[in-house]
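Enquirer: Below is the file entry_37.cif, which contains mmCIF, N, CA and C atoms.
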data_my_file
#
loop_
_atom_site.label_atom_id
_atom_site.label_comp_id
_atom_site.auth_asym_id
_atom_site.auth_seq_id
_atom_site.Cartn_x
_atom_site.Cartn_y
_atom_site.Cartn_z
N MET A 1 4.79 -25.88 22.00
CA MET A 1 4.87 -24.63 22.75
C MET A 1 6.32 -24.19 22.76
N LEU A 2 6.54 -22.93 22.55
CA LEU A 2 7.90 -22.39 22.53
C LEU A 2 8.47 -22.34 23.94
N SER A 3 9.75 -22.64 24.05
CA SER A 3 10.43 -22.50 25.34
C SER A 3 10.62 -21.02 25.63
N ARG A 4 10.57 -20.69 26.88
CA ARG A 4 10.83 -19.31 27.29
C ARG A 4 12.32 -19.09 27.38
N PRO A 5 12.78 -17.88 27.09
CA PRO A 5 14.22 -17.62 27.20
C PRO A 5 14.70 -17.85 28.63
N ASP A 6 15.89 -18.38 28.72
CA ASP A 6 16.53 -18.59 30.02
C ASP A 6 16.92 -17.22 30.57
N PRO A 7 16.48 -16.90 31.80
CA PRO A 7 16.83 -15.58 32.34
C PRO A 7 18.33 -15.35 32.43
N ASP A 8 19.11 -16.44 32.46
CA ASP A 8 20.56 -16.29 32.52
C ASP A 8 21.16 -16.12 31.12
N ASN A 9 20.34 -16.21 30.09
CA ASN A 9 20.82 -16.11 28.73
C ASN A 9 20.66 -14.67 28.26
N ALA A 10 21.75 -13.95 28.20
CA ALA A 10 21.71 -12.52 27.85
C ALA A 10 21.20 -12.29 26.42
N LEU A 11 21.32 -13.29 25.54
CA LEU A 11 20.88 -13.13 24.16
C LEU A 11 19.39 -13.43 23.98
N GLY A 12 18.73 -13.95 25.02
CA GLY A 12 17.31 -14.26 24.91
C GLY A 12 17.01 -15.42 23.98
N GLN A 13 17.95 -16.32 23.82
CA GLN A 13 17.75 -17.47 22.93
C GLN A 13 16.80 -18.46 23.57
N CYS A 14 16.11 -19.23 22.74
CA CYS A 14 15.23 -20.29 23.25
C CYS A 14 15.36 -21.52 22.37
N ASP A 15 14.96 -22.65 22.91
CA ASP A 15 15.06 -23.93 22.22
C ASP A 15 13.79 -24.14 21.39
N LEU A 16 13.94 -24.26 20.08
CA LEU A 16 12.81 -24.47 19.18
C LEU A 16 12.77 -25.91 18.65
N SER A 17 13.42 -26.83 19.34
CA SER A 17 13.42 -28.23 18.91
C SER A 17 11.99 -28.73 18.76
N GLY A 18 11.72 -29.38 17.63
CA GLY A 18 10.40 -29.95 17.38
C GLY A 18 9.38 -28.96 16.83
N GLU A 19 9.72 -27.69 16.78
CA GLU A 19 8.80 -26.68 16.24
C GLU A 19 8.93 -26.63 14.72
N VAL A 20 7.90 -26.14 14.07
CA VAL A 20 7.96 -25.97 12.62
C VAL A 20 8.83 -24.76 12.29
N LEU A 21 9.40 -24.77 11.12
CA LEU A 21 10.22 -23.64 10.69
C LEU A 21 9.31 -22.54 10.15
N PRO A 22 9.65 -21.29 10.41
CA PRO A 22 8.86 -20.20 9.84
C PRO A 22 9.04 -20.16 8.32
N PHE A 23 8.01 -19.70 7.62
CA PHE A 23 8.02 -19.55 6.17
C PHE A 23 8.21 -20.88 5.44
N ALA A 24 7.90 -22.01 6.09
CA ALA A 24 8.18 -23.31 5.48
C ALA A 24 6.96 -24.23 5.56
N PRO A 25 6.07 -24.18 4.58
CA PRO A 25 4.95 -25.10 4.57
C PRO A 25 5.44 -26.54 4.43
N LYS A 26 4.70 -27.48 5.00
CA LYS A 26 5.10 -28.89 4.89
C LYS A 26 4.94 -29.40 3.47
N LEU A 27 4.01 -28.81 2.71
CA LEU A 27 3.75 -29.31 1.35
C LEU A 27 3.55 -28.13 0.40
N THR A 28 4.25 -28.17 -0.70
CA THR A 28 4.03 -27.24 -1.80
C THR A 28 4.08 -28.03 -3.09
N GLY A 29 3.42 -27.56 -4.11
CA GLY A 29 3.45 -28.27 -5.37
C GLY A 29 2.98 -27.41 -6.53
N ASN A 30 3.43 -27.77 -7.71
CA ASN A 30 3.05 -27.09 -8.95
C ASN A 30 2.69 -28.13 -9.99
N VAL A 31 1.70 -27.80 -10.81
CA VAL A 31 1.37 -28.64 -11.95
C VAL A 31 0.94 -27.71 -13.07
N ALA A 32 1.26 -28.11 -14.31
CA ALA A 32 0.92 -27.27 -15.45
C ALA A 32 0.50 -28.15 -16.63
N LEU A 33 -0.43 -27.63 -17.42
CA LEU A 33 -0.86 -28.27 -18.65
C LEU A 33 -0.64 -27.26 -19.77
N GLN A 34 -0.05 -27.72 -20.87
CA GLN A 34 0.15 -26.83 -22.01
C GLN A 34 -0.30 -27.54 -23.28
N TRP A 35 -0.99 -26.81 -24.13
CA TRP A 35 -1.51 -27.33 -25.39
C TRP A 35 -1.04 -26.42 -26.51
N GLU A 36 -0.62 -27.01 -27.63
CA GLU A 36 -0.19 -26.24 -28.80
C GLU A 36 -0.80 -26.86 -30.05
N GLN A 37 -1.18 -25.98 -30.99
CA GLN A 37 -1.77 -26.42 -32.24
C GLN A 37 -1.26 -25.51 -33.36
N PRO A 38 -0.71 -26.07 -34.44
CA PRO A 38 -0.26 -25.21 -35.55
C PRO A 38 -1.43 -24.39 -36.09
N LEU A 39 -1.17 -23.11 -36.35
CA LEU A 39 -2.20 -22.22 -36.89
C LEU A 39 -1.50 -21.16 -37.73
N PHE A 40 -1.89 -21.06 -38.99
CA PHE A 40 -1.24 -20.17 -39.95
C PHE A 40 0.25 -20.49 -39.96
N SER A 41 1.11 -19.53 -39.82
CA SER A 41 2.55 -19.82 -39.88
C SER A 41 3.16 -19.95 -38.49
N GLY A 42 2.32 -20.09 -37.46
CA GLY A 42 2.83 -20.19 -36.09
C GLY A 42 2.05 -21.24 -35.30
N ASP A 43 1.94 -21.01 -33.99
CA ASP A 43 1.25 -21.95 -33.10
C ASP A 43 0.27 -21.20 -32.21
N LEU A 44 -0.91 -21.77 -32.10
CA LEU A 44 -1.87 -21.33 -31.08
C LEU A 44 -1.54 -22.14 -29.84
N TYR A 45 -1.51 -21.50 -28.67
CA TYR A 45 -1.16 -22.24 -27.47
C TYR A 45 -2.01 -21.79 -26.29
N ALA A 46 -2.15 -22.70 -25.35
CA ALA A 46 -2.85 -22.42 -24.09
C ALA A 46 -2.06 -23.08 -22.97
N ARG A 47 -2.06 -22.43 -21.83
CA ARG A 47 -1.35 -22.98 -20.67
C ARG A 47 -2.18 -22.70 -19.42
N LEU A 48 -2.32 -23.72 -18.60
CA LEU A 48 -2.98 -23.61 -17.31
C LEU A 48 -1.99 -24.14 -16.27
N ASP A 49 -1.71 -23.34 -15.26
CA ASP A 49 -0.83 -23.84 -14.20
C ASP A 49 -1.47 -23.58 -12.84
N TYR A 50 -1.08 -24.39 -11.88
CA TYR A 50 -1.69 -24.41 -10.56
C TYR A 50 -0.59 -24.57 -9.53
N ARG A 51 -0.63 -23.75 -8.49
CA ARG A 51 0.37 -23.82 -7.42
C ARG A 51 -0.34 -23.98 -6.08
N TYR A 52 0.04 -24.99 -5.32
CA TYR A 52 -0.51 -25.23 -3.98
C TYR A 52 0.58 -24.93 -2.96
N THR A 53 0.20 -24.20 -1.91
CA THR A 53 1.11 -23.92 -0.80
C THR A 53 0.39 -24.29 0.49
N GLY A 54 0.97 -25.21 1.25
CA GLY A 54 0.37 -25.65 2.50
C GLY A 54 0.43 -24.59 3.58
N ALA A 55 -0.26 -24.85 4.67
CA ALA A 55 -0.30 -23.91 5.80
C ALA A 55 1.12 -23.68 6.33
N ALA A 56 1.35 -22.45 6.77
CA ALA A 56 2.67 -22.10 7.32
C ALA A 56 2.52 -20.88 8.21
N ASN A 57 3.53 -20.68 9.02
CA ASN A 57 3.57 -19.48 9.85
C ASN A 57 4.55 -18.51 9.21
N TYR A 58 4.08 -17.32 8.90
CA TYR A 58 4.89 -16.34 8.18
C TYR A 58 5.46 -15.26 9.09
N SER A 59 5.96 -15.67 10.23
CA SER A 59 6.71 -14.75 11.08
C SER A 59 7.90 -15.51 11.63
N SER A 60 9.01 -14.83 11.76
CA SER A 60 10.21 -15.50 12.27
C SER A 60 10.06 -15.87 13.74
N GLU A 61 9.11 -15.25 14.44
CA GLU A 61 8.88 -15.56 15.86
C GLU A 61 7.85 -16.68 16.05
N LEU A 62 7.29 -17.20 14.97
CA LEU A 62 6.23 -18.23 15.01
C LEU A 62 5.01 -17.74 15.80
N ASP A 63 4.71 -16.48 15.71
CA ASP A 63 3.55 -15.89 16.37
C ASP A 63 2.29 -16.52 15.78
N PRO A 64 1.42 -17.10 16.60
CA PRO A 64 0.23 -17.77 16.07
C PRO A 64 -0.71 -16.84 15.30
N ARG A 65 -0.64 -15.53 15.54
CA ARG A 65 -1.47 -14.59 14.78
C ARG A 65 -1.02 -14.49 13.32
N HIS A 66 0.15 -14.99 13.02
CA HIS A 66 0.70 -14.87 11.68
C HIS A 66 0.61 -16.18 10.90
N GLN A 67 -0.24 -17.08 11.36
CA GLN A 67 -0.45 -18.35 10.67
C GLN A 67 -1.23 -18.10 9.38
N GLN A 68 -0.80 -18.71 8.28
CA GLN A 68 -1.49 -18.61 7.00
C GLN A 68 -2.04 -19.98 6.65
N ASP A 69 -3.34 -20.04 6.35
CA ASP A 69 -3.95 -21.29 5.90
C ASP A 69 -3.39 -21.68 4.53
N ALA A 70 -3.55 -22.93 4.18
CA ALA A 70 -3.13 -23.39 2.86
C ALA A 70 -3.92 -22.63 1.79
N TYR A 71 -3.30 -22.45 0.63
CA TYR A 71 -3.98 -21.77 -0.46
C TYR A 71 -3.47 -22.31 -1.79
N ALA A 72 -4.24 -22.06 -2.85
CA ALA A 72 -3.87 -22.48 -4.19
C ALA A 72 -4.14 -21.34 -5.16
N VAL A 73 -3.27 -21.20 -6.13
CA VAL A 73 -3.40 -20.14 -7.13
C VAL A 73 -3.28 -20.77 -8.52
N GLY A 74 -4.23 -20.45 -9.39
CA GLY A 74 -4.21 -20.92 -10.77
C GLY A 74 -4.02 -19.76 -11.73
N ASN A 75 -3.34 -20.02 -12.83
CA ASN A 75 -3.08 -19.01 -13.86
C ASN A 75 -3.43 -19.60 -15.23
N PHE A 76 -3.82 -18.74 -16.18
CA PHE A 76 -4.17 -19.19 -17.52
C PHE A 76 -3.60 -18.23 -18.55
N ARG A 77 -3.14 -18.77 -19.68
CA ARG A 77 -2.61 -17.97 -20.77
C ARG A 77 -3.06 -18.59 -22.10
N LEU A 78 -3.50 -17.74 -23.02
CA LEU A 78 -3.90 -18.17 -24.37
C LEU A 78 -3.22 -17.24 -25.35
N GLY A 79 -2.54 -17.82 -26.35
CA GLY A 79 -1.81 -16.95 -27.27
C GLY A 79 -1.48 -17.59 -28.59
N TRP A 80 -0.85 -16.80 -29.44
CA TRP A 80 -0.35 -17.25 -30.74
C TRP A 80 1.07 -16.72 -30.88
N ARG A 81 1.95 -17.57 -31.46
CA ARG A 81 3.34 -17.16 -31.65
C ARG A 81 3.92 -17.79 -32.91
N ASP A 82 4.90 -17.09 -33.45
CA ASP A 82 5.73 -17.63 -34.53
C ASP A 82 7.17 -17.24 -34.21
N ALA A 83 8.05 -17.32 -35.19
CA ALA A 83 9.46 -17.03 -34.93
C ALA A 83 9.70 -15.57 -34.56
N SER A 84 8.80 -14.66 -34.99
CA SER A 84 9.01 -13.23 -34.76
C SER A 84 8.11 -12.62 -33.69
N TYR A 85 6.91 -13.15 -33.53
CA TYR A 85 5.93 -12.50 -32.66
C TYR A 85 5.30 -13.50 -31.69
N ASP A 86 4.88 -12.97 -30.56
CA ASP A 86 4.13 -13.75 -29.56
C ASP A 86 3.12 -12.79 -28.93
N ILE A 87 1.85 -13.09 -29.09
CA ILE A 87 0.81 -12.27 -28.47
C ILE A 87 -0.06 -13.20 -27.63
N SER A 88 -0.35 -12.77 -26.40
CA SER A 88 -1.14 -13.64 -25.52
C SER A 88 -1.99 -12.80 -24.57
N ALA A 89 -3.08 -13.40 -24.16
CA ALA A 89 -3.94 -12.85 -23.10
C ALA A 89 -3.79 -13.78 -21.91
N TRP A 90 -3.79 -13.23 -20.71
CA TRP A 90 -3.54 -14.05 -19.53
C TRP A 90 -4.32 -13.55 -18.33
N VAL A 91 -4.53 -14.47 -17.39
CA VAL A 91 -5.14 -14.16 -16.10
C VAL A 91 -4.30 -14.87 -15.04
N GLN A 92 -3.86 -14.11 -14.03
CA GLN A 92 -3.15 -14.70 -12.90
C GLN A 92 -4.09 -14.69 -11.70
N ASN A 93 -4.00 -15.73 -10.87
CA ASN A 93 -4.86 -15.91 -9.69
C ASN A 93 -6.32 -15.93 -10.14
N LEU A 94 -6.66 -16.93 -10.94
CA LEU A 94 -7.99 -17.07 -11.54
C LEU A 94 -9.12 -16.97 -10.53
N ALA A 95 -8.99 -17.59 -9.37
CA ALA A 95 -10.07 -17.62 -8.37
C ALA A 95 -10.02 -16.41 -7.44
N ASP A 96 -9.10 -15.49 -7.67
CA ASP A 96 -8.92 -14.31 -6.83
C ASP A 96 -8.73 -14.70 -5.36
N GLU A 97 -7.87 -15.69 -5.16
CA GLU A 97 -7.56 -16.20 -3.81
C GLU A 97 -6.85 -15.12 -3.00
N SER A 98 -7.31 -14.91 -1.78
CA SER A 98 -6.64 -13.96 -0.86
C SER A 98 -5.68 -14.73 0.03
N TYR A 99 -4.45 -14.29 0.09
CA TYR A 99 -3.45 -14.95 0.92
C TYR A 99 -2.35 -13.96 1.27
N TYR A 100 -1.57 -14.31 2.28
CA TYR A 100 -0.46 -13.48 2.72
C TYR A 100 0.86 -14.16 2.38
N THR A 101 1.84 -13.37 2.04
CA THR A 101 3.18 -13.90 1.80
C THR A 101 4.10 -13.66 2.99
N GLN A 102 3.70 -12.73 3.86
CA GLN A 102 4.48 -12.47 5.08
C GLN A 102 3.63 -11.66 6.04
N LYS A 103 3.79 -11.94 7.34
CA LYS A 103 3.16 -11.17 8.41
C LYS A 103 4.23 -10.95 9.48
N LEU A 104 4.27 -9.75 10.03
CA LEU A 104 5.26 -9.47 11.06
C LEU A 104 4.80 -8.29 11.90
N PRO A 105 5.37 -8.15 13.10
CA PRO A 105 4.99 -7.00 13.94
C PRO A 105 5.30 -5.70 13.22
N ALA A 106 4.44 -4.72 13.41
CA ALA A 106 4.67 -3.42 12.79
C ALA A 106 5.96 -2.82 13.35
N ASN A 107 6.75 -2.25 12.47
CA ASN A 107 8.03 -1.69 12.94
C ASN A 107 7.89 -0.25 13.42
N VAL A 108 6.70 0.30 13.31
CA VAL A 108 6.43 1.64 13.82
C VAL A 108 5.19 1.55 14.70
N SER A 109 5.26 2.08 15.89
CA SER A 109 4.11 2.07 16.79
C SER A 109 2.97 2.84 16.16
N SER A 110 1.75 2.33 16.33
CA SER A 110 0.60 2.98 15.74
C SER A 110 -0.43 3.33 16.80
N ASN A 111 -1.48 4.00 16.40
CA ASN A 111 -2.57 4.33 17.31
C ASN A 111 -3.23 3.07 17.86
N VAL A 112 -3.23 2.00 17.08
CA VAL A 112 -3.80 0.74 17.55
C VAL A 112 -3.04 0.25 18.77
N ASP A 113 -1.71 0.40 18.76
CA ASP A 113 -0.90 -0.05 19.89
C ASP A 113 -1.24 0.68 21.18
N LYS A 114 -1.73 1.89 21.08
CA LYS A 114 -2.11 2.65 22.27
C LYS A 114 -3.42 2.15 22.87
N ILE A 115 -4.24 1.52 22.03
CA ILE A 115 -5.55 1.04 22.47
C ILE A 115 -5.47 -0.39 23.01
N VAL A 116 -4.77 -1.26 22.29
CA VAL A 116 -4.66 -2.66 22.71
C VAL A 116 -3.41 -2.84 23.55
N SER A 117 -3.35 -3.95 24.22
CA SER A 117 -2.20 -4.20 25.10
C SER A 117 -0.93 -4.41 24.28
N PRO A 118 0.24 -4.16 24.86
CA PRO A 118 1.50 -4.33 24.14
C PRO A 118 1.71 -5.76 23.64
N GLN A 119 1.09 -6.76 24.32
CA GLN A 119 1.25 -8.14 23.88
C GLN A 119 0.56 -8.36 22.53
N GLU A 120 -0.51 -7.64 22.29
CA GLU A 120 -1.22 -7.78 21.02
C GLU A 120 -0.57 -6.89 19.97
N GLY A 121 -0.57 -5.60 20.19
CA GLY A 121 0.06 -4.68 19.27
C GLY A 121 -0.49 -4.78 17.86
N SER A 122 0.13 -4.09 16.95
CA SER A 122 -0.29 -4.16 15.56
C SER A 122 0.79 -4.88 14.76
N TYR A 123 0.42 -5.31 13.57
CA TYR A 123 1.38 -5.96 12.71
C TYR A 123 1.11 -5.56 11.27
N GLN A 124 2.09 -5.79 10.43
CA GLN A 124 1.93 -5.50 9.02
C GLN A 124 1.94 -6.81 8.25
N ALA A 125 1.24 -6.82 7.14
CA ALA A 125 1.14 -8.03 6.35
C ALA A 125 1.29 -7.68 4.87
N PHE A 126 1.88 -8.60 4.12
CA PHE A 126 2.05 -8.43 2.69
C PHE A 126 1.17 -9.46 2.00
N THR A 127 0.26 -8.99 1.17
CA THR A 127 -0.69 -9.88 0.52
C THR A 127 -0.14 -10.38 -0.81
N GLY A 128 -0.67 -11.54 -1.22
CA GLY A 128 -0.33 -12.07 -2.53
C GLY A 128 -1.05 -11.26 -3.61
N THR A 129 -0.64 -11.44 -4.83
CA THR A 129 -1.23 -10.70 -5.94
C THR A 129 -2.67 -11.11 -6.17
N PRO A 130 -3.60 -10.15 -6.23
CA PRO A 130 -5.00 -10.49 -6.52
C PRO A 130 -5.15 -10.89 -7.99
N ARG A 131 -6.38 -11.23 -8.38
CA ARG A 131 -6.62 -11.58 -9.79
C ARG A 131 -6.14 -10.42 -10.66
N THR A 132 -5.36 -10.76 -11.66
CA THR A 132 -4.80 -9.78 -12.58
C THR A 132 -4.94 -10.33 -13.99
N ALA A 133 -5.33 -9.47 -14.93
CA ALA A 133 -5.46 -9.89 -16.33
C ALA A 133 -4.69 -8.92 -17.20
N GLY A 134 -4.25 -9.42 -18.34
CA GLY A 134 -3.51 -8.54 -19.24
C GLY A 134 -3.27 -9.17 -20.59
N VAL A 135 -2.60 -8.41 -21.42
CA VAL A 135 -2.20 -8.86 -22.75
C VAL A 135 -0.71 -8.59 -22.88
N THR A 136 0.00 -9.54 -23.46
CA THR A 136 1.44 -9.40 -23.68
C THR A 136 1.73 -9.52 -25.17
N PHE A 137 2.54 -8.62 -25.67
CA PHE A 137 3.00 -8.66 -27.06
C PHE A 137 4.53 -8.66 -27.04
N ARG A 138 5.12 -9.64 -27.71
CA ARG A 138 6.58 -9.73 -27.79
C ARG A 138 7.00 -9.79 -29.26
N MET A 139 8.11 -9.15 -29.54
CA MET A 139 8.67 -9.21 -30.88
C MET A 139 10.14 -9.60 -30.75
N ASN A 140 10.53 -10.63 -31.48
CA ASN A 140 11.93 -11.08 -31.50
C ASN A 140 12.62 -10.49 -32.72
N PHE A 141 13.80 -9.96 -32.51
CA PHE A 141 14.54 -9.40 -33.65
C PHE A 141 16.02 -9.64 -33.46
#
Would it be possible to restate this file's structure as structure tokens?
Expert:
Amino acid sequence: MLSRPDPDNALGQCDLSGEVLPFAPKLTGNVALQWEQPLFSGDLYARLDYRYTGAANYSSELDPRHQQDAYAVGNFRLGWRDASYDISAWVQNLADESYYTQKLPANVSSNVDKIVSPQEGSYQAFTGTPRTAGVTFRMNF
């Protein structure tokens, strides 16, 4: 539980000893697998990578409404390359995982704030990238 600011403390500081740090999951990790096979005058390649991010609070105030559950995102790429060209097809966020990268109180009062109490208020959130697919072509010269 967060300490309340000392009424004698003009800066409104509080003691956060023993609390978790905002934006800091206890566990994060990455793993990747890459495969390459010679084909014609270049290489056929595939890559699968996976990123795990543990639960964290994404507000500097440690507001419990801004808690983010753990999530994982996988990406895949399949392509062919040689010394001059690289063409690949890819998918990011294979499972279309929904997650937030930051949550914070709204910096502009909204109509929601007029309906709910000031303690609740509204907030803004930034979501992670949804499933995205594409093709990349590179030429080295």
Enquirer: Given the PyMOL selection byres (((chain A and resi 41 and name CA) around 10) and name CA) and the file above, list the residues it selects as a count of residues only.
Expert: 10
Enquirer: The PyMOL selection byres ((chain A and resi 32) around 6) - which residues does that actually catch in the file I just gave you? List them as a count of residues only.
Expert: 7
Enquirer: If we count all atoms listed in the file, what is near stretch 53-65 of chain A at a cut-off of 5 Å, once residues fewer than 2 positions away on the same chain are taken out, given as a ChimeraX atom specification?
Expert: /A:22-23,25,27-28,51,67-72,102-103
Enquirer: Take atom CA of A:Asn75 and atom CA of A:Thr101 and report the distance between them in Å, one decimal.
Expert: 17.6 Å
Enquirer: Give as a ChimeraX atom specification the residues that the PyMOL selection byres ((chain A and resi 98) around 8) matches when applied to the coordinates above.
Expert: /A:71-72,95-97,99-101,127-131
Enquirer: Can you check which residues of chain A DSSP gives as alpha helix (DSSP H) on the backbone and send them as a VMD selection string?
Expert: chain A and resid 111 to 115
Enquirer: Go through A:Leu94, A:Tyr85, A:Ser17, A:Leu104 and flag the residue nearest A:Arg138, using all atoms listed in the file for the distances.
Expert: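 Checking each candidate against A:Arg138, we get A:Tyr85 as the closest.
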Enquirer: As an exercise, work out the distance from atom N of A:Asp86 to atom CA of A:Val73 in Å and give it to one decimal place.
Expert: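 Computing the Euclidean distance for atom N of A:Asp86 and atom CA of A:Val73 yields 25.9 Å.
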